[in-house]
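Okay, target.txt now, which holds compact mmCIF, C-alpha atoms:
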# COMPACT_ATOMS: atom_id res chain seq x y z
CA MET A 772 -1.27 -27.79 44.57
CA SER A 773 -2.49 -24.56 46.09
CA ASN A 774 -2.16 -22.62 42.84
CA HIS A 775 -4.09 -25.15 40.77
CA TYR A 776 -6.09 -23.48 37.98
CA ASP A 777 -9.79 -23.41 38.82
CA PRO A 778 -11.74 -22.45 35.68
CA THR A 779 -14.97 -21.91 37.63
CA LYS A 780 -13.48 -18.95 39.47
CA ASP A 781 -14.14 -15.39 38.37
CA ILE A 782 -10.61 -14.33 37.52
CA SER A 783 -8.40 -11.70 35.98
CA PRO A 784 -5.98 -12.52 33.09
CA SER A 785 -2.87 -12.92 35.23
CA ALA A 786 -4.75 -14.85 37.89
CA ALA A 787 -6.36 -17.09 35.28
CA TYR A 788 -3.19 -19.09 34.82
CA PRO A 789 -0.98 -18.45 37.83
CA GLU A 790 1.75 -20.66 36.40
CA VAL A 791 1.97 -18.47 33.28
CA SER A 792 4.05 -15.34 33.82
CA PHE A 793 4.72 -14.70 30.15
CA GLN A 794 3.18 -11.65 28.47
CA HIS A 795 3.17 -11.14 24.74
CA PRO A 796 5.49 -8.24 23.99
CA HIS A 797 3.02 -6.33 21.82
CA SER A 798 1.34 -4.36 24.58
CA ASP A 799 2.44 -1.33 22.58
CA ASP A 800 -0.57 -0.94 20.32
CA LYS A 801 1.05 1.16 17.63
CA ALA A 802 4.15 -0.99 17.22
CA PHE A 803 1.99 -4.11 16.99
CA LYS A 804 -0.32 -2.68 14.32
CA LYS A 805 2.74 -1.60 12.37
CA LYS A 806 4.19 -5.11 12.54
CA VAL A 807 0.89 -6.64 11.36
CA ALA A 808 0.63 -4.15 8.48
CA LYS A 809 4.23 -4.86 7.46
CA THR A 810 3.64 -8.63 7.51
CA THR A 811 0.43 -8.24 5.49
CA TRP A 812 2.28 -6.31 2.79
CA LEU A 813 5.09 -8.82 2.83
CA LEU A 814 2.71 -11.78 2.39
CA SER A 815 0.87 -9.96 -0.42
CA LEU A 816 4.13 -9.04 -2.14
CA ILE A 817 5.45 -12.62 -1.98
CA THR A 818 2.11 -13.88 -3.36
CA VAL A 819 2.28 -11.40 -6.24
CA VAL A 820 5.86 -12.49 -7.03
CA GLU A 821 4.71 -16.13 -6.93
CA LEU A 822 1.88 -15.34 -9.31
CA GLY A 823 4.30 -13.53 -11.62
CA ILE A 824 6.52 -16.62 -11.70
CA GLY A 825 3.40 -18.77 -12.23
CA PHE A 826 2.41 -16.73 -15.29
CA PHE A 827 6.01 -16.80 -16.54
CA ILE A 828 5.98 -20.63 -16.30
CA TYR A 829 2.63 -20.68 -18.15
CA TYR A 830 3.98 -18.69 -21.09
CA LEU A 831 7.27 -20.59 -21.27
CA HIS A 832 6.11 -24.13 -20.71
CA LYS A 833 3.65 -25.88 -23.06
CA GLY A 834 3.35 -29.61 -22.64
CA GLU A 835 6.92 -30.84 -23.17
CA PRO A 836 8.68 -32.41 -20.18
CA PRO A 837 9.88 -29.66 -17.81
CA TYR A 838 13.44 -28.57 -18.49
CA PHE A 839 15.95 -27.16 -16.00
CA PHE A 840 14.86 -23.50 -16.08
CA ILE A 841 11.21 -24.43 -15.42
CA LEU A 842 12.24 -26.64 -12.48
CA LEU A 843 14.36 -23.75 -11.16
CA LEU A 844 11.35 -21.40 -11.31
CA LYS A 845 9.21 -23.99 -9.52
CA GLY A 846 11.92 -24.38 -6.89
CA ILE A 847 11.89 -20.61 -6.32
CA VAL A 848 8.09 -20.75 -5.85
CA CYS A 849 8.55 -23.48 -3.20
CA ILE A 850 11.10 -21.35 -1.31
CA LEU A 851 8.81 -18.29 -1.45
CA THR A 852 5.98 -20.45 -0.09
CA LEU A 853 8.17 -21.51 2.83
CA ALA A 854 8.93 -17.83 3.47
CA LYS A 855 5.19 -17.07 3.61
CA ALA A 856 4.67 -20.01 5.97
CA TYR A 857 7.43 -18.65 8.21
CA TYR A 858 5.79 -15.22 8.48
CA ILE A 859 2.31 -16.66 9.16
CA VAL A 860 3.63 -18.94 11.91
CA ALA A 861 6.13 -16.53 13.48
CA VAL A 862 4.08 -13.31 13.39
CA PHE A 863 0.38 -14.15 13.04
CA MET A 864 0.53 -17.24 15.23
CA HIS A 865 3.10 -15.62 17.57
CA LEU A 866 5.26 -18.74 17.65
CA GLY A 867 8.26 -16.43 17.33
CA ASP A 868 7.31 -14.89 20.70
CA GLU A 869 7.10 -18.18 22.61
CA ILE A 870 10.01 -19.53 24.62
CA LYS A 871 12.55 -21.64 22.76
CA ASN A 872 11.74 -24.93 24.57
CA PHE A 873 8.24 -24.78 23.21
CA VAL A 874 9.14 -23.68 19.69
CA MET A 875 11.50 -26.66 19.45
CA THR A 876 8.77 -29.16 20.42
CA ILE A 877 6.81 -27.94 17.37
CA VAL A 878 9.62 -27.38 14.89
CA VAL A 879 11.80 -30.43 15.53
CA PRO A 880 9.08 -33.03 14.73
CA LEU A 881 8.24 -31.08 11.57
CA LEU A 882 11.85 -31.60 10.41
CA LEU A 883 10.69 -35.15 9.56
CA PHE A 884 9.14 -33.55 6.49
CA ILE A 885 12.62 -33.10 4.99
CA TRP A 886 13.09 -36.86 4.92
CA PHE A 887 9.46 -37.45 4.08
CA ILE A 888 9.52 -35.26 0.95
CA ILE A 889 12.88 -36.46 -0.37
CA ALA A 890 12.10 -40.14 0.20
CA PHE A 891 8.64 -40.15 -1.34
CA LEU A 892 9.38 -37.99 -4.36
CA HIS A 893 12.50 -40.04 -5.05
CA ASP A 894 10.44 -43.21 -4.75
CA GLY A 895 7.81 -41.89 -7.17
CA ASN A 896 10.51 -40.99 -9.65
CA ALA A 897 12.23 -44.38 -9.29
CA PHE A 898 8.89 -46.13 -9.84
CA LYS A 899 8.32 -44.11 -13.01
CA ASN A 900 11.75 -45.00 -14.40
CA ALA A 901 11.42 -48.68 -13.56
CA ARG A 902 7.96 -48.86 -15.10
CA ASN A 903 9.11 -47.12 -18.27
CA GLU A 904 11.95 -49.63 -18.55
CA PHE A 905 9.89 -52.77 -18.03
CA ASP A 906 6.45 -51.73 -19.32
CA LYS A 907 7.01 -50.28 -22.79
CA HIS A 908 3.27 -50.31 -23.52
CA HIS A 909 2.64 -48.02 -20.51
CA GLU A 910 5.47 -45.73 -21.57
CA GLU A 911 4.04 -45.39 -25.08
CA MET A 912 0.48 -44.81 -23.86
CA THR A 913 1.57 -42.02 -21.50
CA THR A 914 4.02 -40.26 -23.80
CA ASN A 915 2.59 -40.64 -27.32
CA PRO A 916 -0.65 -38.67 -27.88
CA GLN A 917 -1.20 -40.47 -31.23
CA LYS A 918 -1.39 -43.84 -29.47
CA ASN A 919 -3.55 -42.64 -26.58
CA PRO A 920 -5.26 -39.38 -27.48
CA ALA A 921 -7.17 -37.54 -24.79
CA PRO A 922 -10.95 -37.77 -25.33
CA VAL A 923 -12.51 -34.73 -26.98
CA ILE A 924 -14.55 -32.84 -24.40
CA LYS A 925 -18.07 -31.84 -25.39
CA HIS A 926 -18.57 -29.42 -22.51
CA GLU A 927 -17.68 -26.18 -24.18
CA GLU A 928 -16.96 -24.40 -20.91
CA VAL A 929 -13.71 -26.39 -20.61
CA LYS A 930 -11.56 -23.96 -22.52
CA GLY A 931 -7.89 -24.59 -22.97
CA GLU A 932 -8.35 -28.27 -22.22
CA GLY A 933 -6.67 -29.15 -25.50
CA ALA A 934 -3.70 -26.84 -24.96
CA GLY A 935 -1.46 -29.86 -24.81
CA HIS A 936 -2.36 -30.92 -28.37
CA HIS A 937 0.21 -29.76 -30.88
CA MET B 914 7.39 -33.69 54.17
CA ALA B 915 11.08 -34.38 53.97
CA GLN B 916 10.60 -35.32 50.35
CA GLU B 917 8.98 -31.97 49.64
CA ALA B 918 11.95 -30.14 51.08
CA THR B 919 14.31 -32.07 48.79
CA VAL B 920 12.20 -31.12 45.78
CA ASN B 921 12.34 -27.48 46.78
CA THR B 922 16.10 -27.45 47.02
CA HIS B 923 16.29 -28.76 43.43
CA ARG B 924 13.90 -26.14 42.09
CA THR B 925 14.82 -25.17 38.55
CA LYS B 926 13.39 -22.38 36.45
CA TRP B 927 10.61 -24.09 34.47
CA TRP B 928 10.26 -27.76 35.34
CA SER B 929 9.95 -27.92 39.13
CA GLY B 930 6.24 -27.17 39.43
CA GLY B 931 4.26 -24.04 40.04
CA LYS B 932 5.10 -22.81 36.55
CA SER B 933 4.13 -23.98 33.10
CA PRO B 934 7.28 -25.50 31.56
CA PHE B 935 6.50 -23.64 28.34
CA ASN B 936 5.10 -20.60 30.12
CA LEU B 937 1.82 -21.11 28.23
CA GLU B 938 -1.62 -22.14 29.32
CA TYR B 939 -2.60 -25.76 28.77
CA GLY B 940 -5.21 -25.11 26.05
CA LYS B 941 -2.78 -23.18 23.89
CA VAL B 942 -0.08 -25.85 24.16
CA MET B 943 -2.58 -28.53 23.19
CA MET B 944 -3.90 -26.47 20.27
CA TRP B 945 -0.35 -26.21 18.95
CA TYR B 946 0.15 -29.97 19.22
CA PHE B 947 -3.17 -30.61 17.50
CA LEU B 948 -2.14 -28.27 14.69
CA MET B 949 1.21 -30.02 14.41
CA SER B 950 -0.56 -33.38 13.99
CA ASP B 951 -2.91 -31.79 11.44
CA ALA B 952 0.13 -30.46 9.58
CA PHE B 953 1.31 -34.06 9.24
CA THR B 954 -2.07 -35.09 7.83
CA PHE B 955 -2.02 -32.34 5.22
CA GLY B 956 1.67 -32.97 4.57
CA ALA B 957 0.95 -36.65 3.94
CA PHE B 958 -1.80 -35.72 1.47
CA LEU B 959 0.35 -33.25 -0.42
CA ILE B 960 3.38 -35.54 -0.48
CA ALA B 961 1.17 -38.36 -1.80
CA TYR B 962 0.08 -35.96 -4.54
CA GLY B 963 3.71 -35.17 -5.31
CA THR B 964 4.62 -38.86 -5.36
CA ALA B 965 1.80 -39.61 -7.83
CA ARG B 966 3.01 -36.76 -9.99
CA PHE B 967 6.65 -37.84 -9.89
CA SER B 968 5.63 -41.38 -10.85
CA SER B 969 3.70 -40.19 -13.94
CA ASN B 970 5.17 -39.53 -17.39
CA SER B 971 2.79 -36.62 -17.88
CA TRP B 972 0.27 -34.72 -15.78
CA PRO B 973 -2.51 -32.19 -16.55
CA ASP B 974 -1.31 -28.57 -16.69
CA PRO B 975 -3.07 -26.71 -13.82
CA ASN B 976 -3.09 -23.53 -15.92
CA ASP B 977 -5.32 -25.27 -18.45
CA VAL B 978 -7.61 -26.75 -15.79
CA PHE B 979 -8.03 -23.79 -13.43
CA ASN B 980 -8.51 -20.97 -15.93
CA ALA B 981 -12.10 -19.83 -15.28
CA VAL B 982 -13.32 -16.79 -13.36
CA PRO B 983 -16.97 -16.06 -12.44
CA PHE B 984 -18.77 -13.66 -14.82
CA MET B 985 -15.84 -13.83 -17.26
CA GLY B 986 -17.44 -16.39 -19.57
CA HIS B 987 -14.95 -18.55 -21.44
CA ALA B 988 -12.01 -16.19 -21.14
CA ASN B 989 -8.74 -18.06 -20.55
CA LEU B 990 -7.61 -16.62 -17.20
CA PRO B 991 -5.24 -19.04 -15.45
CA LEU B 992 -4.31 -18.31 -11.82
CA VAL B 993 -6.65 -15.30 -11.56
CA PHE B 994 -9.50 -16.80 -9.53
CA VAL B 995 -7.22 -18.71 -7.19
CA SER B 996 -5.25 -15.49 -6.55
CA ILE B 997 -8.47 -13.85 -5.41
CA MET B 998 -9.15 -16.79 -3.09
CA THR B 999 -5.60 -16.61 -1.71
CA PHE B 1000 -5.88 -12.89 -0.95
CA ILE B 1001 -9.28 -13.38 0.71
CA LEU B 1002 -7.72 -15.93 3.07
CA ILE B 1003 -4.65 -13.76 3.81
CA ILE B 1004 -6.87 -10.79 4.64
CA SER B 1005 -9.16 -12.88 6.85
CA SER B 1006 -6.04 -14.05 8.67
CA VAL B 1007 -5.08 -10.42 9.27
CA THR B 1008 -8.53 -9.56 10.66
CA MET B 1009 -8.19 -12.57 12.97
CA VAL B 1010 -4.85 -11.24 14.25
CA LEU B 1011 -6.63 -7.97 15.03
CA ALA B 1012 -9.45 -9.83 16.82
CA VAL B 1013 -6.91 -11.65 19.01
CA HIS B 1014 -5.14 -8.37 19.67
CA ALA B 1015 -8.41 -6.67 20.66
CA GLY B 1016 -8.91 -9.62 23.03
CA HIS B 1017 -5.56 -8.95 24.69
CA ASN B 1018 -6.74 -5.40 25.29
CA ARG B 1019 -10.09 -6.70 26.61
CA ASP B 1020 -11.78 -4.63 23.93
CA LYS B 1021 -15.10 -6.43 23.48
CA ALA B 1022 -16.35 -4.23 20.63
CA GLY B 1023 -13.07 -4.67 18.76
CA VAL B 1024 -13.16 -8.45 19.17
CA GLN B 1025 -16.70 -8.55 17.76
CA LYS B 1026 -15.89 -6.27 14.83
CA TRP B 1027 -12.80 -8.18 13.71
CA LEU B 1028 -14.42 -11.58 14.28
CA ILE B 1029 -17.29 -10.54 12.00
CA TRP B 1030 -14.81 -9.50 9.28
CA THR B 1031 -12.99 -12.81 9.70
CA ILE B 1032 -16.27 -14.71 9.36
CA ILE B 1033 -17.11 -12.73 6.22
CA GLY B 1034 -13.68 -13.58 4.78
CA GLY B 1035 -14.20 -17.27 5.55
CA LEU B 1036 -17.65 -17.24 3.93
CA ALA B 1037 -16.23 -15.50 0.85
CA PHE B 1038 -13.50 -18.12 0.56
CA LEU B 1039 -15.97 -21.01 0.90
CA GLY B 1040 -18.23 -19.35 -1.69
CA CYS B 1041 -15.30 -19.15 -4.12
CA GLN B 1042 -14.46 -22.78 -3.50
CA ALA B 1043 -18.09 -23.82 -4.03
CA TRP B 1044 -18.09 -21.95 -7.34
CA GLU B 1045 -14.85 -23.58 -8.45
CA TRP B 1046 -16.02 -27.08 -7.53
CA THR B 1047 -19.34 -26.52 -9.33
CA HIS B 1048 -17.53 -25.24 -12.40
CA LEU B 1049 -15.20 -28.26 -12.45
CA TYR B 1050 -18.11 -30.65 -11.86
CA HIS B 1051 -19.95 -29.22 -14.86
CA ALA B 1052 -16.75 -29.60 -16.86
CA GLY B 1053 -16.95 -33.34 -16.11
CA ALA B 1054 -14.43 -33.49 -13.25
CA TRP B 1055 -15.15 -35.35 -10.02
CA TRP B 1056 -13.70 -38.15 -7.92
CA GLY B 1057 -13.07 -40.91 -10.47
CA LEU B 1058 -13.70 -38.62 -13.46
CA ASN B 1059 -10.98 -36.63 -15.16
CA PRO B 1060 -11.84 -34.86 -18.41
CA PHE B 1061 -8.52 -33.00 -18.55
CA ALA B 1062 -5.75 -34.20 -20.87
CA ASN B 1063 -2.18 -34.63 -19.76
CA ALA B 1064 0.07 -31.74 -20.73
CA ASN B 1065 1.69 -33.88 -23.46
CA GLY B 1066 -1.71 -34.61 -25.06
CA THR B 1067 -2.21 -38.17 -23.82
CA ALA B 1068 -5.35 -39.23 -21.95
CA ALA B 1069 -4.90 -38.79 -18.18
CA ASN B 1070 -5.94 -41.16 -15.41
CA THR B 1071 -8.07 -39.91 -12.51
CA ALA B 1072 -5.26 -39.34 -9.98
CA PHE B 1073 -5.25 -35.60 -10.68
CA THR B 1074 -8.94 -34.99 -9.92
CA ASN B 1075 -8.99 -37.48 -7.02
CA PHE B 1076 -6.17 -35.64 -5.29
CA PHE B 1077 -7.61 -32.22 -6.12
CA PHE B 1078 -11.07 -32.85 -4.69
CA THR B 1079 -9.76 -34.80 -1.68
CA ILE B 1080 -7.18 -32.21 -0.64
CA THR B 1081 -9.13 -29.02 -1.38
CA GLY B 1082 -12.18 -30.73 0.16
CA PHE B 1083 -10.26 -31.55 3.33
CA HIS B 1084 -8.97 -27.99 3.45
CA GLY B 1085 -12.46 -26.61 2.79
CA PHE B 1086 -13.73 -28.73 5.68
CA HIS B 1087 -11.12 -27.06 7.89
CA VAL B 1088 -12.25 -23.63 6.70
CA PHE B 1089 -15.83 -24.61 7.47
CA SER B 1090 -15.03 -25.85 10.97
CA GLY B 1091 -12.89 -22.75 11.58
CA LEU B 1092 -15.88 -20.66 10.53
CA ILE B 1093 -18.11 -22.50 13.04
CA ILE B 1094 -15.49 -21.94 15.77
CA ASN B 1095 -15.35 -18.23 14.92
CA VAL B 1096 -19.14 -17.93 15.00
CA VAL B 1097 -19.17 -19.64 18.42
CA MET B 1098 -16.45 -17.22 19.61
CA LEU B 1099 -18.55 -14.30 18.38
CA LEU B 1100 -21.65 -15.54 20.20
CA MET B 1101 -19.64 -16.17 23.38
CA THR B 1102 -18.15 -12.66 23.16
CA ARG B 1103 -21.62 -11.17 22.69
CA ALA B 1104 -22.88 -13.15 25.68
CA ASN B 1105 -20.08 -11.65 27.82
CA VAL B 1106 -18.59 -15.07 28.57
CA PHE B 1107 -15.03 -13.72 28.24
CA GLU B 1108 -15.87 -10.51 30.12
CA ARG B 1109 -17.04 -12.65 33.03
CA LYS B 1110 -13.94 -14.86 32.79
CA GLY B 1111 -11.79 -11.75 32.79
CA HIS B 1112 -9.76 -12.72 29.72
CA TYR B 1113 -10.14 -13.44 26.00
CA LEU B 1114 -7.56 -16.23 25.77
CA MET B 1115 -10.09 -18.49 24.01
CA ILE B 1116 -10.03 -16.13 21.00
CA GLU B 1117 -6.30 -16.76 20.79
CA LYS B 1118 -6.82 -20.52 20.38
CA ALA B 1119 -9.51 -19.99 17.73
CA GLY B 1120 -7.07 -17.61 16.04
CA LEU B 1121 -4.35 -20.27 15.96
CA TYR B 1122 -6.72 -22.65 14.20
CA TRP B 1123 -7.78 -20.00 11.69
CA HIS B 1124 -4.17 -19.06 10.87
CA PHE B 1125 -3.39 -22.72 10.39
CA VAL B 1126 -6.15 -22.92 7.77
CA ASP B 1127 -4.47 -20.03 5.95
CA LEU B 1128 -1.09 -21.70 6.36
CA VAL B 1129 -2.30 -24.92 4.76
CA TRP B 1130 -3.85 -22.99 1.88
CA VAL B 1131 -0.45 -21.44 1.13
CA PHE B 1132 0.84 -24.97 0.46
CA VAL B 1133 -2.27 -26.17 -1.39
CA PHE B 1134 -2.04 -23.07 -3.59
CA MET B 1135 1.58 -23.86 -4.36
CA ALA B 1136 1.15 -27.58 -4.98
CA PHE B 1137 -2.00 -27.47 -7.14
CA TYR B 1138 -1.93 -24.14 -8.91
CA LEU B 1139 1.61 -22.80 -9.10
CA ILE B 1140 3.94 -25.73 -9.76
Could you rewrite the structure in this file as C-alpha cells?
Amino acid sequence: MSNHYDPTKDISPSAAYPEVSFQHPHSDDKAFKKKVAKTTWLLSLITVVELGIGFFIYYLHKGEPPYFFILLLKGIVCILTLAKAYYIVAVFMHLGDEIKNFVMTIVVPLLLFIWFIIAFLHDGNAFKNARNEFDKHHEEMTTNPQKNPAPVIKHEEVKGEGAGHH
Amino acid sequence: MAQEATVNTHRTKWWSGGKSPFNLEYGKVMMWYFLMSDAFTFGAFLIAYGTARFSSNSWPDPNDVFNAVPFMGHANLPLVFVSIMTFILIISSVTMVLAVHAGHNRDKAGVQKWLIWTIIGGLAFLGCQAWEWTHLYHAGAWWGLNPFANANGTAANTAFTNFFFTITGFHGFHVFSGLIINVVMLLMTRANVFERKGHYLMIEKAGLYWHFVDLVWVFVFMAFYLI
C-alpha cells in the first residue's frame, strides 16, 4: 500500500494517519470548554444526589432485611450511576463522536452484562433460599444474633461497628 | 492487475482499503478494545461481589464500616471520605479532558499544565485510598479478616473484606498504572516527542485509560459504598 502509515516519518496530524479523515467536532474552543464544564457540573450534581439518597438510606435502614422502599432507593442509585457512566464515556471519552460502526463494536458486547447481572444475582438468591431451606443451622447462625453474636471489637477506632446490635 | 481493477469497482465507503473502517487510528481502536476487555474483568469482580451478597442472609452495612475521615477522630461520618475521593477522581478526569484538548490544539504548555493537575489528582486519590486501607487494617480488616458485624448483628464471614480489598486494590492498581502512563506522557511532552511527531494523539490514548479508571470508580463507589 502506498499510503501505509510510517511512524518513523516526521509528519503532520492529518498526514500521520492518511486513512483517518475524521476530525473531532470540537475545534471550536469555546463551545468545547462549555460542554466540558456542563458535563462536570452534571456529574457532580448526580454524585450529590446519589450521596443524598445514600444518607437517606442510612437514616431509614438499620439492620433489618431491606424492604421495598429501600430497594427502590438503591435501584435509583444504580440508574444514576449508569447515567454518570454514560456522560463519562460519551463526552469525556468522546465515544459519542465516533462513527456508529465503531460505537456498536464496543456497546454490543457490553450488552452481555444484562444477562450476566440477572443470571448471577438470581443464582445467588436461589442459592440462599435453597440453603435456608435445607440447612436450618446455617439459617439460624446468620439470622439470629443471640445464637451467633458478632465478636466484640477491642480496637476503639472502629466506631459504629455495633450499630446492628439492637 | 485484473484483480485489482475488480476490487476498485467494488469500492465501498469504509471497508475497501485506503481508509480506516472506523475512521480511527489503530492505537485508539485497540485501546478501546483493551478497555472493553478490562470492563469485563471489573464487571466480573463486581458481579461476583453482588452474587456473594445475594447469597447471604445478612451483610455488613457499608455505612458502619466506612465512616471515618482523616483528622476527624472517632466522629461517625459515613460516606463523607469516599465522596471526597469520588470528587477528586471526577476533577482529575476533567483536567485530563483539558490535556487531551490542548493536545488537539498542539498547545504544548497547556498539555503539560493539565497533565500535571491530572497527576496531582491521581496522587491525591491514591493517598486517600492508602489512608483508608491503613485505617481498615488497624481496625482489624484484611484479606481473611473481617471484624465488622453483619447488619443484623450476627458474626460475618470474610467475603466482605476479601471482595473489598481485592476490588479496590485492583482499581487502585489501575489508578497507579494510569499515573505512571501520565507521568511518561508528561516527560515525552517535555522532551518534544509529540512536537517532533507533529501530533499529540498519544495523549488521547492515555486520556482514554484515565477516564476508564474514573468510570470504574463510579461503579465501585456504587457497589461498595452506596447500596
Using all atoms listed in the file, which protein or nucleic acid residues come within 9 Å of stretch 835-851 of chain A? Drop anything in the same chain fewer than 6 positions from it, and give the result as a compact mmCIF listing (two decimals) with C-alpha atoms, in the coordinates of the input.
# COMPACT_ATOMS: atom_id res chain seq x y z
CA ILE A 817 5.45 -12.62 -1.98
CA THR A 818 2.11 -13.88 -3.36
CA VAL A 820 5.86 -12.49 -7.03
CA GLU A 821 4.71 -16.13 -6.93
CA LEU A 822 1.88 -15.34 -9.31
CA ILE A 824 6.52 -16.62 -11.70
CA GLY A 825 3.40 -18.77 -12.23
CA PHE A 827 6.01 -16.80 -16.54
CA ILE A 828 5.98 -20.63 -16.30
CA GLY A 935 -1.46 -29.86 -24.81
CA ASN B 970 5.17 -39.53 -17.39
CA SER B 971 2.79 -36.62 -17.88
CA ALA B 1064 0.07 -31.74 -20.73
CA ASN B 1065 1.69 -33.88 -23.46
CA PHE B 1132 0.84 -24.97 0.46
CA MET B 1135 1.58 -23.86 -4.36
CA ALA B 1136 1.15 -27.58 -4.98
CA LEU B 1139 1.61 -22.80 -9.10
CA ILE B 1140 3.94 -25.73 -9.76
- Item | Nearest candidate to chain A (options B:Gln1042, B:Ser1090, B:Thr1102, B:Ser969; using all atoms listed in the file) | B:Ser969
- Tell me, as an NGL selection string, which residues lie within 10 Å of B:Phe1000, counting only C-alpha atoms; anything in the same chain fewer than 6 positions away does not count. (:A and (814-815 or 818-819)) or (:B and (1006 or 1034 or 1038))
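The residue that comes closest to chain B, out of A:Trp812, A:Phe905, A:Ile877, A:Gly823 and on the basis of all atoms listed in the file, is A:Ile877.
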- Residue neighbourhood B:Ile1003, 12 Å, all atoms listed in the file, exclusion window fewer than 4 positions, as a PyMOL selection string: (chain A and resi 807-808+810-818+855-856+858-859+863) or (chain B and resi 996-999+1007-1010+1031+1034-1035+1038+1123-1131)
File for stretch 933-993 of chain B (C-alpha atoms), as a compact mmCIF listing (two decimals), in the first residue's frame:
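To be explicit, this is the file written out as result.txt:
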# COMPACT_ATOMS: atom_id res chain seq x y z
CA SER B 933 -9.76 3.01 8.43
CA PRO B 934 -13.10 1.17 8.64
CA PHE B 935 -13.81 3.01 11.89
CA ASN B 936 -12.13 6.21 10.74
CA LEU B 937 -9.81 5.97 13.76
CA GLU B 938 -6.13 5.29 14.11
CA TYR B 939 -5.10 1.77 15.05
CA GLY B 940 -3.82 2.60 18.55
CA LYS B 941 -7.07 4.24 19.58
CA VAL B 942 -9.18 1.34 18.32
CA MET B 943 -7.01 -1.12 20.22
CA MET B 944 -7.13 0.99 23.39
CA TRP B 945 -10.92 0.89 23.23
CA TYR B 946 -10.91 -2.91 22.85
CA PHE B 947 -8.48 -3.27 25.73
CA LEU B 948 -10.73 -1.10 27.88
CA MET B 949 -13.74 -3.17 26.87
CA SER B 950 -11.96 -6.35 28.00
CA ASP B 951 -10.95 -4.61 31.23
CA ALA B 952 -14.59 -3.61 31.74
CA PHE B 953 -15.46 -7.32 31.65
CA THR B 954 -12.80 -8.06 34.28
CA PHE B 955 -14.12 -5.39 36.63
CA GLY B 956 -17.69 -6.38 35.80
CA ALA B 957 -16.92 -9.99 36.72
CA PHE B 958 -15.45 -8.86 40.04
CA LEU B 959 -18.39 -6.65 40.92
CA ILE B 960 -20.97 -9.22 39.83
CA ALA B 961 -19.18 -11.85 41.95
CA TYR B 962 -19.48 -9.42 44.86
CA GLY B 963 -23.19 -8.99 44.15
CA THR B 964 -23.68 -12.75 43.90
CA ALA B 965 -21.99 -13.29 47.28
CA ARG B 966 -24.20 -10.61 48.76
CA PHE B 967 -27.40 -12.03 47.27
CA SER B 968 -26.49 -15.48 48.60
CA SER B 969 -26.04 -14.19 52.18
CA ASN B 970 -28.78 -13.75 54.78
CA SER B 971 -27.06 -10.64 56.11
CA TRP B 972 -24.13 -8.46 55.13
CA PRO B 973 -22.12 -5.70 56.88
CA ASP B 974 -23.62 -2.21 56.48
CA PRO B 975 -21.08 -0.13 54.50
CA ASN B 976 -22.17 2.99 56.39
CA ASP B 977 -20.94 1.40 59.62
CA VAL B 978 -17.67 0.21 58.07
CA PHE B 979 -16.65 3.25 56.02
CA ASN B 980 -17.45 6.04 58.46
CA ALA B 981 -14.02 7.53 59.24
CA VAL B 982 -12.44 10.71 57.90
CA PRO B 983 -8.81 11.81 58.46
CA PHE B 984 -8.32 14.31 61.31
CA MET B 985 -11.93 13.81 62.43
CA GLY B 986 -11.11 11.36 65.21
CA HIS B 987 -13.91 8.93 66.00
CA ALA B 988 -16.72 11.01 64.55
CA ASN B 989 -19.31 8.85 62.77
CA LEU B 990 -19.18 10.26 59.22
CA PRO B 991 -20.45 7.67 56.72
CA LEU B 992 -19.97 8.40 53.01
CA VAL B 993 -18.00 11.62 53.63
